[in-house]
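Data from structure-v7.cif: mmCIF, C-alpha atoms
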data_query
loop_
_atom_site.label_atom_id
_atom_site.label_comp_id
_atom_site.auth_asym_id
_atom_site.auth_seq_id
_atom_site.Cartn_x
_atom_site.Cartn_y
_atom_site.Cartn_z
CA MET A 1 5.15 2.08 17.58
CA GLU A 2 5.77 5.56 18.79
CA GLN A 3 8.99 5.43 16.89
CA PHE A 4 7.14 4.78 13.65
CA ASN A 5 4.71 7.63 14.22
CA LEU A 6 7.61 10.00 14.50
CA PHE A 7 9.16 8.56 11.39
CA ASP A 8 9.21 10.93 8.49
CA ASN A 9 7.68 8.88 5.70
CA THR A 10 9.84 9.78 2.71
CA PRO A 11 11.33 7.24 0.27
CA GLY A 12 14.73 7.53 1.99
CA GLN A 13 13.22 7.04 5.43
CA ARG A 14 11.22 4.05 4.25
CA GLU A 15 14.40 2.49 2.94
CA GLN A 16 16.05 2.94 6.34
CA LEU A 17 12.99 1.53 8.08
CA PHE A 18 12.94 -1.59 5.90
CA ILE A 19 16.69 -2.16 6.30
CA SER A 20 16.31 -1.93 10.04
CA LEU A 21 13.26 -4.24 10.11
CA TYR A 22 15.06 -6.73 7.85
CA LYS A 23 18.02 -6.82 10.22
CA LYS A 24 15.87 -7.10 13.33
CA ALA A 25 13.26 -9.55 12.17
CA PHE A 26 14.32 -11.49 9.08
CA PRO A 27 16.73 -13.84 10.90
CA ALA A 28 13.93 -15.15 13.14
CA VAL A 29 11.58 -15.54 10.16
CA ALA A 30 14.25 -17.32 8.10
CA LYS A 31 14.97 -19.64 11.02
CA TYR A 32 11.28 -20.44 11.44
CA VAL A 33 10.64 -21.06 7.72
CA SER A 34 13.74 -23.23 7.37
CA SER A 35 12.66 -25.28 10.42
CA LYS A 36 9.39 -25.97 8.59
CA GLY A 37 11.21 -27.15 5.50
CA GLY A 38 10.79 -23.93 3.53
CA SER A 39 13.35 -22.44 1.20
CA PHE A 40 15.13 -19.10 1.30
CA ASP A 41 12.68 -17.79 -1.31
CA ASP A 42 9.73 -18.93 0.82
CA ALA A 43 11.16 -17.03 3.78
CA LYS A 44 11.72 -13.99 1.61
CA ASP A 45 8.13 -14.11 0.27
CA VAL A 46 6.41 -14.37 3.63
CA PHE A 47 8.69 -11.78 5.20
CA GLN A 48 8.13 -9.25 2.43
CA ASP A 49 4.36 -9.71 2.66
CA ALA A 50 4.63 -9.29 6.42
CA LEU A 51 6.48 -6.00 5.89
CA VAL A 52 3.70 -4.76 3.59
CA ILE A 53 1.08 -5.65 6.21
CA TYR A 54 3.14 -4.01 8.95
CA TYR A 55 3.51 -0.84 6.88
CA GLU A 56 -0.16 -0.63 5.92
CA LYS A 57 -1.25 -1.13 9.52
CA ALA A 58 1.27 1.36 10.83
CA ILE A 59 0.25 4.16 8.45
CA SER A 60 -3.44 3.67 9.01
CA ALA A 61 -2.80 3.78 12.77
CA THR A 62 -4.61 0.50 13.30
CA LEU A 63 -1.49 -1.15 14.60
CA GLU A 64 -1.23 -1.36 18.33
CA LEU A 65 1.98 -3.04 19.15
CA LYS A 66 1.79 -5.04 22.30
CA THR A 67 5.10 -6.69 21.59
CA ASN A 68 8.15 -5.51 19.73
CA GLU A 69 8.46 -5.17 15.95
CA GLN A 70 10.45 -8.37 15.66
CA ALA A 71 7.81 -10.44 17.45
CA TYR A 72 5.04 -8.77 15.50
CA LEU A 73 6.65 -9.46 12.12
CA LEU A 74 7.49 -13.03 13.12
CA GLY A 75 3.85 -13.53 14.15
CA ILE A 76 2.51 -12.31 10.81
CA ALA A 77 5.13 -14.30 8.89
CA LYS A 78 4.20 -17.49 10.75
CA HIS A 79 0.56 -16.89 9.98
CA LEU A 80 1.31 -16.29 6.30
CA TRP A 81 3.43 -19.41 6.17
CA LEU A 82 0.67 -21.51 7.73
CA ALA A 83 -1.96 -20.01 5.48
CA LYS A 84 0.21 -20.63 2.45
CA TYR A 85 0.83 -24.26 3.23
CA ARG A 86 -2.46 -25.04 4.94
CA GLU A 87 -0.73 -26.81 7.77
CA ASN A 88 -3.13 -25.37 10.24
CA ILE A 89 -6.83 -24.99 9.67
CA ASN A 90 -7.52 -23.46 13.06
CA LEU A 91 -6.46 -19.92 12.34
CA SER A 92 -8.25 -17.55 14.62
CA PRO A 93 -10.45 -14.85 13.06
CA ILE A 94 -8.10 -12.14 14.24
CA ASP A 95 -5.38 -13.69 12.12
CA SER A 96 -7.36 -13.27 8.95
CA ALA A 97 -6.86 -9.53 9.32
CA TYR A 98 -3.24 -10.17 8.43
CA ASP A 99 -3.97 -11.59 5.03
CA LEU A 100 -2.91 -9.90 1.87
CA SER A 101 -5.93 -11.68 0.56
CA GLU A 102 -6.52 -12.77 -2.98
CA GLU A 103 -9.36 -10.32 -3.45
CA ASN A 104 -6.87 -7.49 -3.07
CA GLU A 105 -4.71 -8.88 -5.81
CA PRO A 106 -5.22 -6.99 -9.07
CA GLU A 107 -7.26 -8.69 -11.79
CA PRO A 108 -5.33 -9.18 -15.06
CA SER A 109 -7.08 -6.15 -16.59
CA GLU A 110 -6.20 -4.09 -13.51
CA SER A 111 -2.55 -5.11 -13.73
CA LYS A 112 -2.59 -3.97 -17.33
CA LEU A 113 -4.14 -0.67 -16.29
CA ILE A 114 -1.61 -0.17 -13.48
CA HIS A 115 1.21 -0.88 -15.89
CA TYR A 116 -0.22 1.71 -18.27
CA LEU A 117 -0.52 4.28 -15.46
CA GLU A 118 3.06 3.63 -14.37
CA THR A 119 4.30 4.70 -17.75
CA ALA A 120 1.73 7.26 -18.88
CA GLY A 121 0.74 8.93 -15.65
CA GLN A 122 3.50 8.32 -13.18
CA LYS A 123 3.64 11.77 -11.64
CA CYS A 124 -0.04 11.81 -10.81
CA MET A 125 0.10 8.23 -9.58
CA GLU A 126 2.93 9.13 -7.22
CA ILE A 127 0.95 12.08 -5.85
CA LEU A 128 -2.17 9.97 -5.40
CA ARG A 129 -0.11 7.22 -3.79
CA ALA A 130 1.36 9.71 -1.31
CA PHE A 131 -2.09 10.99 -0.36
CA TYR A 132 -4.18 7.86 -0.38
CA TYR A 133 -1.84 4.91 0.11
CA ASP A 134 1.01 6.32 2.19
CA LYS A 135 -1.46 8.68 3.88
CA LEU A 136 1.06 11.48 4.17
CA SER A 137 -0.07 14.85 5.44
CA VAL A 138 -0.71 17.53 2.85
CA ASP A 139 2.17 19.62 4.28
CA LYS A 140 4.56 16.78 3.75
CA ILE A 141 3.28 16.18 0.24
CA ALA A 142 3.63 19.86 -0.65
CA GLY A 143 7.26 19.67 0.49
CA LEU A 144 8.07 16.35 -1.19
CA PHE A 145 6.59 17.31 -4.54
CA GLY A 146 7.71 20.93 -4.50
CA TYR A 147 4.39 22.72 -4.18
CA GLY A 148 4.64 26.17 -2.66
CA THR A 149 1.47 25.93 -0.66
CA VAL A 150 -0.77 23.35 0.92
CA ARG A 151 -3.58 24.67 -1.24
CA SER A 152 -1.76 24.05 -4.51
CA ALA A 153 -0.88 20.51 -3.38
CA THR A 154 -4.54 19.90 -2.55
CA VAL A 155 -5.71 21.25 -5.90
CA GLN A 156 -3.12 19.04 -7.61
CA LYS A 157 -4.46 15.99 -5.77
CA TYR A 158 -7.94 16.56 -7.15
CA LYS A 159 -6.64 17.38 -10.63
CA CYS A 160 -4.73 14.10 -10.60
CA MET A 161 -7.78 12.22 -9.36
CA GLU A 162 -9.79 13.73 -12.22
CA LYS A 163 -7.15 12.81 -14.78
CA VAL A 164 -6.50 9.29 -13.51
CA ARG A 165 -10.20 8.59 -13.01
CA GLU A 166 -10.78 9.46 -16.67
CA THR A 167 -7.94 7.14 -17.73
CA VAL A 168 -9.27 4.37 -15.51
CA LYS A 169 -12.71 4.81 -17.08
CA GLN A 170 -11.46 4.86 -20.68
CA LYS A 171 -9.05 1.98 -20.26
CA SER A 172 -11.43 -0.15 -18.21
CA LEU A 173 -14.13 0.27 -20.83
CA ALA A 174 -11.57 -0.60 -23.49
CA TYR A 175 -10.56 -3.73 -21.57
CA GLU A 176 -14.30 -4.41 -21.27
CA ASP A 177 -14.31 -6.24 -18.01
CA PHE A 178 -15.07 -3.65 -15.42
CA ILE A 179 -18.28 -4.53 -13.68
CA GLU A 180 -19.29 -2.47 -10.70
CA MET B 181 -11.40 25.26 -7.17
CA ARG B 182 -13.18 24.38 -10.37
CA THR B 183 -16.64 22.87 -10.00
CA SER B 184 -15.43 19.51 -11.29
CA LEU B 185 -12.63 19.44 -8.70
CA ASN B 186 -15.07 20.33 -5.96
CA GLU B 187 -17.21 17.45 -7.09
CA ILE B 188 -14.21 15.12 -6.76
CA LYS B 189 -13.61 16.41 -3.26
CA LEU B 190 -17.26 15.79 -2.35
CA ILE B 191 -17.09 12.27 -3.80
CA ASP B 192 -13.99 11.57 -1.69
CA GLU B 193 -15.76 12.83 1.42
CA HIS B 194 -18.69 10.60 0.57
CA LEU B 195 -16.48 7.53 -0.04
CA PHE B 196 -14.42 8.05 3.11
CA ASN B 197 -17.33 9.37 5.10
CA ASN B 198 -15.29 12.30 6.40
CA GLY B 199 -17.11 15.41 5.22
CA SER B 200 -19.33 17.80 7.09
CA THR B 201 -23.03 17.00 7.50
CA GLU B 202 -23.78 20.06 5.41
CA ASN B 203 -21.66 18.80 2.52
CA ALA B 204 -23.18 15.34 2.80
CA LEU B 205 -26.67 16.80 2.47
CA LEU B 206 -25.60 18.92 -0.47
CA PHE B 207 -24.08 15.84 -2.06
CA ASP B 208 -27.26 13.80 -1.63
CA ALA B 209 -29.20 16.57 -3.36
CA MET B 210 -26.67 16.64 -6.18
CA ARG B 211 -27.07 12.90 -6.73
CA ILE B 212 -30.81 13.29 -7.12
CA ILE B 213 -30.64 16.06 -9.71
CA ASN B 214 -27.64 14.61 -11.51
CA PRO B 215 -27.77 10.82 -11.92
CA VAL B 216 -24.48 10.85 -13.87
CA LEU B 217 -22.85 11.59 -10.54
CA ASN B 218 -23.46 8.00 -9.44
CA GLU B 219 -21.39 6.82 -12.33
CA GLN B 220 -18.59 9.20 -11.33
CA ILE B 221 -18.75 7.85 -7.78
CA ALA B 222 -18.32 4.30 -9.07
CA TRP B 223 -15.33 5.29 -11.22
CA GLN B 224 -13.71 7.22 -8.41
CA LYS B 225 -14.16 4.26 -6.08
CA HIS B 226 -12.53 2.02 -8.66
CA THR B 227 -9.70 4.55 -9.08
CA HIS B 228 -9.04 4.39 -5.34
CA LYS B 229 -8.75 0.62 -5.62
CA ILE B 230 -6.25 1.03 -8.47
CA VAL B 231 -4.26 3.60 -6.46
CA GLN B 232 -4.08 1.17 -3.50
CA GLN B 233 -2.83 -1.59 -5.78
CA TYR B 234 -0.34 0.79 -7.39
CA GLY B 235 0.87 1.90 -3.93
CA ARG B 236 1.30 -1.65 -2.75
CA LYS B 237 3.16 -2.60 -5.92
CA GLN B 238 5.57 0.33 -5.52
CA LEU B 239 6.06 -0.48 -1.83
CA LYS B 240 6.88 -4.10 -2.70
CA ALA B 241 9.43 -2.83 -5.23
CA GLU B 242 11.02 -0.66 -2.51
CA ILE B 243 11.20 -3.68 -0.19
CA GLU B 244 12.72 -5.82 -2.93
CA ALA B 245 15.35 -3.13 -3.55
CA VAL B 246 16.27 -3.29 0.14
CA HIS B 247 16.46 -7.08 -0.09
CA GLN B 248 18.82 -6.86 -3.07
CA GLN B 249 20.95 -4.35 -1.21
CA LEU B 250 21.24 -6.60 1.84
CA PHE B 251 21.96 -9.73 -0.18
CA LYS B 252 24.42 -8.18 -2.62
CA GLU B 253 26.44 -5.43 -1.00
CA PRO B 254 29.70 -6.39 0.76
CA GLU B 255 28.89 -4.37 3.89
CA HIS B 256 26.02 -6.72 4.75
CA LYS B 257 28.04 -9.91 4.34
CA SER B 258 27.73 -11.13 7.93
CA PHE B 259 23.95 -10.58 7.95
CA ARG B 260 23.68 -12.49 4.68
CA GLN B 261 25.75 -15.40 5.98
CA ARG B 262 23.69 -15.57 9.13
CA ILE B 263 20.52 -15.99 7.04
CA LEU B 264 21.92 -18.37 4.45
CA ARG B 265 23.22 -20.65 7.17
CA PHE B 266 19.60 -21.56 7.99
CA PHE B 267 19.23 -22.94 4.50
CA GLY B 268 22.41 -24.91 4.50
CA ASN B 269 24.53 -22.77 2.19
CA ASP B 270 26.89 -20.16 3.55
#

Could you write out this structure as structure tokens?
Amino acid sequence: MEQFNLFDNTPGQREQLFISLYKKAFPAVAKYVSSKGGSFDDAKDVFQDALVIYYEKAISATLELKTNEQAYLLGIAKHLWLAKYRENINLSPIDSAYDLSEENEPEPSESKLIHYLETAGQKCMEILRAFYYDKLSVDKIAGLFGYGTVRSATVQKYKCMEKVRETVKQKSLAYEDFIE
Amino acid sequence: MRTSLNEIKLIDEHLFNNGSTENALLFDAMRIINPVLNEQIAWQKHTHKIVQQYGRKQLKAEIEAVHQQLFKEPEHKSFRQRILRFFGND
């Protein structure tokens, strides 16, 4: 895990990370899924979800690797496979932490909103993603997005939040199904 | 920073519970004198949810691009064959 902490989380570095994780861990996952009668696409689906879980845990520093990356990813992939096909009803509570659960899936109106934001507000969405999803440091964000100072990157974050929040409000009210 | 941006910062600190005690007290006072603030908090919370979903969607697209690279480019042929062999087509 130490290796990941040192990893400079830029798009290029993420690409390298995923290539390396694919090479290290996908063969074992593919072998497992095929042994259970799953298809190549099944293996791909569970492995890609496992990578998302791995990434989200790693950036929020909640991941304590007791085994290597390959074993960790295989463990999550097995869990996802079992959950998907309900072959095993005795999943331990700790395993449920590995779910990309349904409640996190966007509602149809949210998907529509995200699609709108991808086209109409991409720059701000990328900045907000870097801060809040990728959890990059403000220094790194200033560098990546070309802001001269940490302060101007911080101000930009809040300006983007203000702008996107207004869009979310307007569009959600227009789609009429946002209930808090 | 503008007042409205400061308010956004305070809402973030409230949502993530990572501000100073002083700011939290100030924020509680602001909520009492300005009930509209509660609405802003709800929208900001929802915006964070949307940003998470957006982030995850972009990340999945990055992972899919890596998959396409590994399963299309000639340099990864042996890796590809090793995988496809499990599914009975190499």

For this session: Return as number ranges by chain the residues belonging to chain B that are within 9 Å of chain A, counting all atoms listed in the file.
Result: B: 181, 184-186, 188-189, 220, 222-224, 226-236, 239-240, 242-247, 249-250, 259, 262-264, 266-267

Problem set entry | Coordinates-based distance that separates atom CA of B:Gln261 from atom CA of A:Lys84 (Å, one decimal) | 26.3 Å

For this session: Translate the PyMOL selection byres ((chain A and resi 66-81) around 6), as applied to the file shown, into an explicit residue set as JSON, numbers by chain.
Result: {"A": [25, 29, 46, 47, 50, 65, 82, 83, 84]}

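For the pair atom CA of A:Ser152 and atom CA of A:Lys123, the separation is 15.2 Å.
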
Problem set entry | Atom pair atom CA of A:Val138 / atom CA of B:Gly199: separation (Å) |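 Between atom CA of A:Val138 and atom CA of B:Gly199 the gap works out to 16.7 Å.
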
Exercise. Looking at only C-alpha atoms, which of A:Lys36, A:Thr119, A:Ser109, A:Ala153 is the one that sits closest to A:Asp139?
Worked result: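 Among the listed residues, the smallest separation from A:Asp139 belongs to A:Ala153.
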